[in-house]
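Printed here is protein.cif (mmCIF, C-alpha atoms):
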data_final
loop_
_atom_site.label_atom_id
_atom_site.label_comp_id
_atom_site.auth_asym_id
_atom_site.auth_seq_id
_atom_site.Cartn_x
_atom_site.Cartn_y
_atom_site.Cartn_z
CA MET A 1 95.09 104.45 108.48
CA GLN A 2 98.67 105.52 108.85
CA ASN A 3 100.20 108.85 107.88
CA HIS A 4 103.40 110.71 108.64
CA ARG A 5 104.61 114.26 108.37
CA LEU A 6 106.55 115.15 105.26
CA ASP A 7 109.22 117.82 104.68
CA PRO A 8 109.55 118.28 100.89
CA SER A 9 112.77 120.29 101.34
CA GLN A 10 114.49 117.16 102.64
CA LEU A 11 113.50 114.93 99.72
CA ASP A 12 115.85 113.61 97.05
CA TRP A 13 113.94 115.03 94.11
CA PRO A 14 116.31 113.85 91.34
CA ALA A 15 115.84 110.29 92.59
CA LEU A 16 112.07 110.68 92.90
CA ASP A 17 111.76 112.22 89.43
CA ARG A 18 113.79 109.37 87.91
CA LEU A 19 111.74 106.71 89.69
CA ARG A 20 108.41 108.27 88.78
CA SER A 21 109.46 108.42 85.13
CA LEU A 22 110.29 104.71 85.24
CA PHE A 23 107.00 103.85 86.93
CA LEU A 24 104.97 105.79 84.36
CA GLN A 25 106.59 103.86 81.51
CA GLY A 26 104.96 100.68 82.79
CA ALA A 27 107.47 98.50 80.97
CA PRO A 28 108.73 95.10 82.16
CA VAL A 29 111.76 95.41 84.40
CA THR A 30 114.90 93.66 83.18
CA GLU A 31 117.33 95.13 85.72
CA PRO A 32 117.06 96.76 89.16
CA TYR A 33 116.17 100.45 89.13
CA TRP A 34 117.13 101.04 92.76
CA ARG A 35 120.61 102.56 92.64
CA ASN A 36 121.24 102.82 96.37
CA PRO A 37 119.44 102.80 99.76
CA ALA A 38 118.79 106.55 99.43
CA ASP A 39 116.52 105.85 96.43
CA LEU A 40 114.49 103.43 98.52
CA ALA A 41 114.30 105.80 101.48
CA ALA A 42 113.01 108.63 99.28
CA TYR A 43 110.45 106.32 97.68
CA ASP A 44 109.34 104.75 100.96
CA THR A 45 108.59 108.17 102.47
CA THR A 46 106.54 109.42 99.50
CA PHE A 47 105.25 107.17 96.73
CA GLY A 48 105.52 104.14 98.99
CA GLU A 49 103.47 105.83 101.71
CA ARG A 50 100.79 106.64 99.15
CA ILE A 51 100.66 102.97 98.16
CA GLY A 52 100.36 102.20 101.85
CA TRP A 53 97.12 104.19 101.98
CA LYS A 54 95.68 101.86 99.34
CA TRP A 55 96.77 98.86 101.37
CA ASP A 56 95.12 100.39 104.43
CA ALA A 57 91.81 100.48 102.57
CA ALA A 58 92.01 96.88 101.36
CA LEU A 59 93.22 95.54 104.70
CA GLY A 60 90.59 97.53 106.56
CA GLU A 61 87.87 95.80 104.57
CA LEU A 62 89.34 92.37 105.25
CA ARG A 63 89.47 93.10 108.97
CA ARG A 64 85.86 94.33 108.99
CA ARG A 65 84.85 91.07 107.36
CA GLY A 66 86.68 89.15 110.08
CA TRP A 67 89.25 87.69 107.69
CA ARG A 68 92.69 86.82 109.08
CA PRO A 69 95.74 84.97 107.80
CA ALA A 70 95.71 81.26 108.54
CA ALA A 71 97.37 80.08 111.73
CA GLY A 72 100.20 77.54 111.83
CA PRO A 73 102.93 77.11 109.21
CA ALA A 74 100.90 79.12 106.71
CA CYS A 75 101.29 82.29 108.75
CA ALA A 76 104.73 83.17 107.35
CA LEU A 77 104.43 86.21 105.05
CA LEU A 78 106.34 86.66 101.80
CA ASP A 79 106.48 90.19 100.36
CA TRP A 80 107.41 89.37 96.75
CA GLY A 81 108.73 92.21 94.60
CA CYS A 82 109.01 94.08 97.88
CA GLY A 83 110.71 97.32 96.82
CA SER A 84 110.99 99.27 100.06
CA GLY A 85 108.77 96.73 101.84
CA VAL A 86 105.78 98.97 102.49
CA ALA A 87 103.19 96.29 101.62
CA GLY A 88 104.60 93.63 103.93
CA ARG A 89 104.88 96.08 106.81
CA ARG A 90 101.31 97.26 106.29
CA VAL A 91 99.98 93.69 106.38
CA VAL A 92 101.87 92.80 109.56
CA ALA A 93 100.71 96.03 111.22
CA ALA A 94 97.08 95.39 110.21
CA PHE A 95 96.82 91.87 111.63
CA GLY A 96 99.39 92.07 114.42
CA VAL A 97 102.93 90.79 114.64
CA GLU A 98 101.78 87.97 116.91
CA ASN A 99 99.90 86.41 113.99
CA PHE A 100 102.99 85.85 111.83
CA SER A 101 105.85 83.41 112.27
CA ALA A 102 108.14 85.35 109.93
CA LEU A 103 108.28 88.14 107.36
CA ARG A 104 110.28 87.30 104.24
CA VAL A 105 111.14 89.77 101.51
CA TRP A 106 112.18 89.22 97.91
CA ASP A 107 113.07 91.61 95.12
CA HIS A 108 115.24 91.30 92.04
CA SER A 109 117.31 94.07 93.63
CA PRO A 110 119.61 92.98 96.51
CA THR A 111 119.61 96.61 97.65
CA ALA A 112 115.82 96.56 97.94
CA ARG A 113 115.82 93.26 99.82
CA ALA A 114 118.30 94.58 102.37
CA PHE A 115 116.42 97.87 102.77
CA ALA A 116 113.00 96.22 103.17
CA ALA A 117 114.35 93.72 105.69
CA GLY A 118 116.03 96.50 107.68
CA ARG A 119 112.89 98.63 107.83
CA ALA A 120 110.83 95.60 108.89
CA ARG A 121 113.27 94.70 111.69
CA THR A 122 113.06 98.24 112.98
CA ALA A 123 109.26 98.25 112.85
CA PHE A 124 108.82 94.75 114.31
CA PRO A 125 111.81 93.89 116.51
CA THR A 126 110.20 90.69 117.83
CA LEU A 127 109.41 89.25 114.39
CA ALA A 128 111.77 87.01 112.44
CA VAL A 129 112.65 88.93 109.25
CA GLU A 130 114.74 87.45 106.48
CA GLU A 131 115.48 87.71 102.80
CA PHE A 132 113.64 85.01 100.86
CA SER A 133 115.57 82.27 99.12
CA ASP A 134 113.33 79.97 97.10
CA ASP A 135 114.11 76.28 97.09
CA GLY A 136 111.26 75.65 94.64
CA THR A 137 109.30 73.30 96.90
CA SER A 138 108.65 74.81 100.35
CA PRO A 139 105.19 76.23 101.22
CA VAL A 140 104.99 79.99 100.86
CA GLY A 141 102.29 80.92 103.39
CA LEU A 142 100.72 84.34 102.83
CA LEU A 143 101.95 85.82 99.55
CA VAL A 144 101.80 89.63 99.39
CA LEU A 145 102.08 91.41 96.02
CA SER A 146 102.02 95.15 95.43
CA HIS A 147 102.29 97.13 92.20
CA VAL A 148 104.23 94.48 90.30
CA LEU A 149 102.05 93.54 87.34
CA ASN A 150 103.19 96.08 84.77
CA GLU A 151 106.85 95.30 85.52
CA LEU A 152 106.73 91.53 84.99
CA THR A 153 108.55 89.86 82.14
CA PRO A 154 107.00 86.64 80.75
CA ALA A 155 109.57 84.62 82.72
CA ALA A 156 108.72 86.51 85.91
CA ARG A 157 105.00 85.87 85.38
CA ALA A 158 105.63 82.16 85.02
CA GLY A 159 107.74 82.17 88.18
CA LEU A 160 105.06 84.05 90.07
CA LEU A 161 102.37 81.58 89.04
CA ALA A 162 104.57 78.72 90.25
CA LEU A 163 105.03 80.52 93.57
CA MET A 164 101.27 80.98 93.90
CA GLY A 165 100.90 77.25 93.51
CA ARG A 166 102.57 76.90 96.92
CA ALA A 167 100.78 79.81 98.66
CA ALA A 168 98.08 79.36 101.29
CA ALA A 169 96.66 82.82 100.55
CA VAL A 170 97.37 85.82 98.33
CA LEU A 171 96.85 89.52 99.05
CA TRP A 172 97.43 91.64 95.95
CA VAL A 173 97.07 95.40 95.38
CA GLU A 174 97.69 97.10 92.03
CA PRO A 175 97.09 100.53 90.46
CA GLY A 176 93.48 101.18 89.48
CA THR A 177 94.11 101.67 85.77
CA SER A 178 92.03 99.84 83.21
CA ALA A 179 94.99 97.96 81.69
CA VAL A 180 96.48 96.76 84.99
CA SER A 181 93.07 95.91 86.44
CA ARG A 182 92.30 93.69 83.48
CA GLU A 183 95.64 91.93 83.88
CA LEU A 184 94.76 91.27 87.51
CA VAL A 185 91.40 89.88 86.38
CA ALA A 186 93.28 87.49 84.08
CA PHE A 187 95.23 86.17 87.08
CA ARG A 188 91.96 85.87 89.02
CA GLU A 189 90.41 83.76 86.29
CA ARG A 190 93.43 81.50 86.20
CA LEU A 191 93.56 81.06 89.97
CA ARG A 192 89.92 80.85 91.04
CA GLY A 193 89.88 77.09 90.51
CA GLU A 194 92.69 76.73 93.08
CA PHE A 195 91.62 79.41 95.57
CA SER A 196 88.46 80.86 97.05
CA VAL A 197 87.99 84.51 96.10
CA VAL A 198 87.73 86.41 99.38
CA ALA A 199 87.57 89.97 98.04
CA PRO A 200 86.63 92.23 96.47
CA CYS A 201 84.36 90.05 94.35
CA PRO A 202 80.80 89.28 95.53
CA HIS A 203 80.82 86.08 93.46
CA ALA A 204 83.14 83.20 92.58
CA GLY A 205 82.30 82.97 88.89
CA THR A 206 83.73 84.52 85.76
CA CYS A 207 84.50 88.22 86.18
CA GLY A 208 81.72 90.39 84.76
CA VAL A 209 84.11 92.78 83.03
CA LEU A 210 84.93 89.96 80.61
CA ALA A 211 81.34 89.70 79.38
CA PRO A 212 80.54 90.99 75.88
CA GLY A 213 79.78 94.71 75.89
CA ASN A 214 81.74 95.45 79.07
CA GLY A 215 85.03 96.37 77.45
CA ARG A 216 84.82 99.95 78.73
CA HIS A 217 84.50 98.86 82.37
CA TRP A 218 87.13 97.67 84.80
CA CYS A 219 87.24 96.54 88.42
CA HIS A 220 88.68 99.35 90.53
CA PHE A 221 88.01 101.22 93.74
CA PHE A 222 89.15 104.39 95.51
CA ALA A 223 90.87 104.49 98.88
CA PRO A 224 90.08 107.41 101.16
CA PRO A 225 93.09 109.69 101.80
CA PRO A 226 94.27 110.02 105.40
CA ALA A 227 92.31 112.45 107.55
CA GLY A 228 93.87 115.89 107.51
CA LEU A 229 95.97 115.25 104.42
CA GLN A 230 94.91 118.48 102.71
CA ALA A 231 95.84 120.43 105.84
CA ASP A 232 99.36 118.98 105.82
CA SER A 233 101.45 121.57 103.98
CA GLY A 234 104.29 119.13 103.40
CA TRP A 235 102.11 116.62 101.57
CA VAL A 236 100.31 119.37 99.65
CA LYS A 237 103.65 120.74 98.41
CA PHE A 238 104.84 117.25 97.54
CA GLY A 239 101.68 116.55 95.52
CA ARG A 240 102.09 119.76 93.54
CA ARG A 241 105.79 119.18 92.89
CA ALA A 242 105.25 115.55 91.89
CA GLY A 243 102.15 116.30 89.79
CA ILE A 244 99.93 113.96 91.82
CA ASP A 245 96.42 114.47 93.12
CA LEU A 246 96.88 112.96 96.57
CA ARG A 247 93.11 112.84 97.10
CA SER A 248 92.68 110.34 94.26
CA LEU A 249 93.80 106.85 95.23
CA PRO A 250 92.49 104.38 92.63
CA TYR A 251 93.43 100.76 93.13
CA SER A 252 92.54 97.24 92.10
CA TRP A 253 92.97 94.33 94.45
CA LEU A 254 92.47 90.66 95.05
CA ALA A 255 92.39 88.47 98.15
CA LEU A 256 92.53 84.69 97.66
CA GLU A 257 92.82 81.77 100.06
CA ARG A 258 92.82 78.00 100.02
CA PRO A 259 90.86 75.81 99.85
CA ALA A 260 88.90 76.59 96.73
CA GLY A 261 85.14 76.60 96.69
CA ALA A 262 84.12 78.69 99.70
CA PRO A 263 81.19 80.81 98.45
CA PRO A 264 81.09 84.59 99.08
CA PRO A 265 78.21 86.03 101.13
CA ALA A 266 74.94 85.75 99.21
CA GLY A 267 73.13 88.79 97.88
CA THR A 268 76.02 91.27 98.02
CA ALA A 269 77.09 93.79 95.41
CA ARG A 270 80.08 96.08 94.89
CA VAL A 271 80.20 99.61 93.49
CA LEU A 272 82.93 99.73 90.87
CA GLY A 273 84.74 103.03 90.33
CA ARG A 274 83.05 106.28 91.29
CA VAL A 275 79.40 107.07 91.93
CA GLU A 276 78.10 109.49 89.31
CA SER A 277 75.98 112.21 90.86
CA PHE A 278 73.35 114.20 88.99
CA LYS A 279 70.59 116.54 90.06
CA GLY A 280 68.17 114.41 92.01
CA PHE A 281 69.67 111.02 91.19
CA LEU A 282 72.90 109.08 91.09
CA ARG A 283 74.21 106.25 88.97
CA VAL A 284 76.45 103.35 89.96
CA LEU A 285 78.02 100.38 88.24
CA SER A 286 77.14 97.39 90.42
CA CYS A 287 78.92 94.04 90.39
CA GLY A 288 76.58 91.43 91.86
CA THR A 289 76.53 87.85 93.04
CA ALA A 290 75.71 86.50 89.61
CA GLY A 291 78.86 88.04 88.17
CA ARG A 292 76.89 90.61 86.21
CA LEU A 293 77.70 94.28 85.88
CA ASP A 294 74.54 96.37 86.20
CA PRO A 295 74.31 100.14 85.72
CA LEU A 296 71.84 101.16 88.44
CA GLU A 297 70.18 104.45 89.31
CA MET A 298 68.86 105.80 92.59
CA GLN A 299 66.49 108.71 93.05
CA LYS A 300 67.33 111.02 95.94
CA ARG A 301 63.78 110.90 97.23
CA ALA A 302 63.95 107.09 97.58
CA ASP A 303 66.37 107.30 100.54
CA PRO A 304 67.87 110.78 101.11
CA ALA A 305 70.28 109.60 103.83
CA LEU A 306 71.68 106.77 101.73
CA PHE A 307 71.83 109.08 98.73
CA ARG A 308 73.99 111.59 100.61
CA GLN A 309 76.19 108.84 102.00
CA MET A 310 76.86 107.32 98.60
CA GLU A 311 77.27 110.68 96.92
CA ARG A 312 79.92 111.88 99.37
CA ALA A 313 81.81 108.66 100.08
CA VAL A 314 85.11 107.85 98.39
CA ALA A 315 85.06 104.19 99.39
CA HIS A 316 81.94 102.02 99.38
CA PRO A 317 81.36 98.82 101.37
CA PRO A 318 79.67 95.75 99.92
CA TYR A 319 75.94 96.45 99.79
CA ARG A 320 72.72 94.49 99.68
CA TRP A 321 70.50 96.50 97.37
CA GLN A 322 66.77 97.01 97.70
CA ARG A 323 65.28 97.69 94.26
CA ASP A 324 61.90 98.57 92.83
CA GLY A 325 60.12 96.95 89.91
CA HIS A 326 62.13 99.02 87.46
CA GLY A 327 65.46 97.93 88.93
CA ARG A 328 66.21 101.26 90.59
CA ILE A 329 67.86 101.29 94.01
CA THR A 330 65.41 102.20 96.77
CA GLY A 331 67.64 101.38 99.73
CA ALA A 332 70.61 99.34 100.86
CA THR A 333 72.26 97.76 103.87
CA GLU A 334 75.96 97.19 104.29
CA ALA A 335 76.86 93.53 103.77
#
Mind converting the file's structure to structure tokens?
Amino acid sequence: MQNHRLDPSQLDWPALDRLRSLFLQGAPVTEPYWRNPADLAAYDTTFGERIGWKWDAALGELRRRGWRPAAGPACALLDWGCGSGVAGRRVVAAFGVENFSALRVWDHSPTARAFAAGRARTAFPTLAVEEFSDDGTSPVGLLVLSHVLNELTPAARAGLLALMGRAAAVLWVEPGTSAVSRELVAFRERLRGEFSVVAPCPHAGTCGVLAPGNGRHWCHFFAPPPAGLQADSGWVKFGRRAGIDLRSLPYSWLALERPAGAPPPAGTARVLGRVESFKGFLRVLSCGTAGRLDPLEMQKRADPALFRQMERAVAHPPYRWQRDGHGRITGATEA
């Protein structure tokens, strides 16, 4: 997981305040909100870096599973809606520059495209980096999407779906809010006939949050903050000034690849959201291979070591549960 030192006294706070206000509105974007390269630089160092920590968590899981982008022509990467380009750079860094034929960036803002391409060329001098120009027919390769859903107009959504129709794989990270997560689920449902669902889902069927009675639930996870973050005075001051709890990194995500139909590992389950801890027991919301959401409990005495691990952890791997006759968790192994 990456991290960098931060000097809040050197930040362009008027630009950051304006951008944060726009992001919190969550309205579709009809015109570029990047005024100049300085806006992008301020964002990339702060809010963009925080988004990078979420990407680190998602990409770390994919690497632990042994997943990699496809070789050959499909290994070109398109960072669509790139902003400062943090998502594309994170993906290249995670899998290695040698695994990509090119990094392409697109944003409705020409200023953002130029900034993202420049940062990528600096980070990866041996990689072909270019601004994306869509001819409407060429294969896309690996499509990377980051924090775009709540800014899409209906026309942009239609264009994105058409682009996905030419993608070999999709890596997508969004905020972990209920509304945005459910929008991402809607895209998943539309696309799962064309793609295999790699992550985070432990099943390929209809998403369990769509089942009757599950309206209060949503698919989201928490990324661990970088080690030593709370000891970094610059980041602590930034968090206070920006009104952000840097320790809380909720996100929703989706990894898809062609061809469709590859089944996920059997018998796995995911913990959605946070583990609730009580005196002597904990409670989790488990998404399993059948596509069901199950509220499960675990007594501390059943497996004290696992109990402590789950109670303290921010991020949880896929598990294979061991359960008693009453459905309570008695143990687990990482899947």
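If you measure from each of A:Ala169, A:Trp53, A:Gly267, A:Asp107 to A:Trp67 using all atoms listed in the file, the closest one turns out to be A:Ala169.
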Reference answer for the PyMOL selection byres ((chain A and resi 260) around 10), as a count of residues only: 15
Distance criterion (only C-alpha atoms): nearest to A:Arg50 out of A:Gly215, A:Pro264, A:Pro226, A:Gly205: A:Pro226
Expansion of the PyMOL selection byres ((chain A and resi 233-243) around 8) into residues, as a list in words: Arg5, Leu6, Asp7, Pro8, Asp17, Leu229, Gln230, Ala231, Asp232, Ile244, Asp245 and Leu246 of chain A
Exercise: A:Leu143 partners within 8 Å, all atoms listed in the file, chain neighbours under 5 positions left out, as a PyMOL selection string: chain A and resi 77-80+164+167-171
Evaluate the PyMOL selection byres ((chain A and resi 136-141) around 6) and report residues as a list in words: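 This file gives the following for the PyMOL selection byres ((chain A and resi 136-141) around 6): Ala74, Cys75, Ala76, Leu77, Asp134, Asp135, Leu142, Arg166, Ala167 and Ala168 of chain A.
With distances taken over only C-alpha atoms, A:Trp34 is the one residue among A:Phe278, A:Trp34, A:Phe307, A:Phe23 lying closest to A:Ala114.
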Residue nearest A:Leu296 - candidates A:Leu272, A:Ile329, A:Leu16, A:Ala335, atoms counted: only C-alpha atoms: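 Of the candidates, the smallest distance to A:Leu296 is held by A:Ile329.
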Point-to-point distance in Å for atom CA of A:Gly208 and atom CA of A:Gly291: 5.0 Å
For A:Pro304: contacts at 12 Å, only C-alpha atoms, fewer than 2 positions along chain excluded, given as a VMD selection string: chain A and resid 280 to 282 298 to 302 306 to 311 329 to 332
One-decimal distance in Å that lies between atom CA of A:Trp172 and atom CA of A:Ser146: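 Those two atoms sit 5.8 Å apart.
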Interatomic distance (Å, one decimal) between atom CA of A:Trp55 and atom CA of A:Gly288: 23.5 Å
Shell of 8 Å around A:Val173, all atoms listed in the file, local chain residues under 6 positions omitted, as a list in words: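 Within the cut-off, the hits are Lys54, Trp55, Ala58, Leu145, Ser146, His147, Tyr251, Ser252, Trp253 and Leu254 of chain A.
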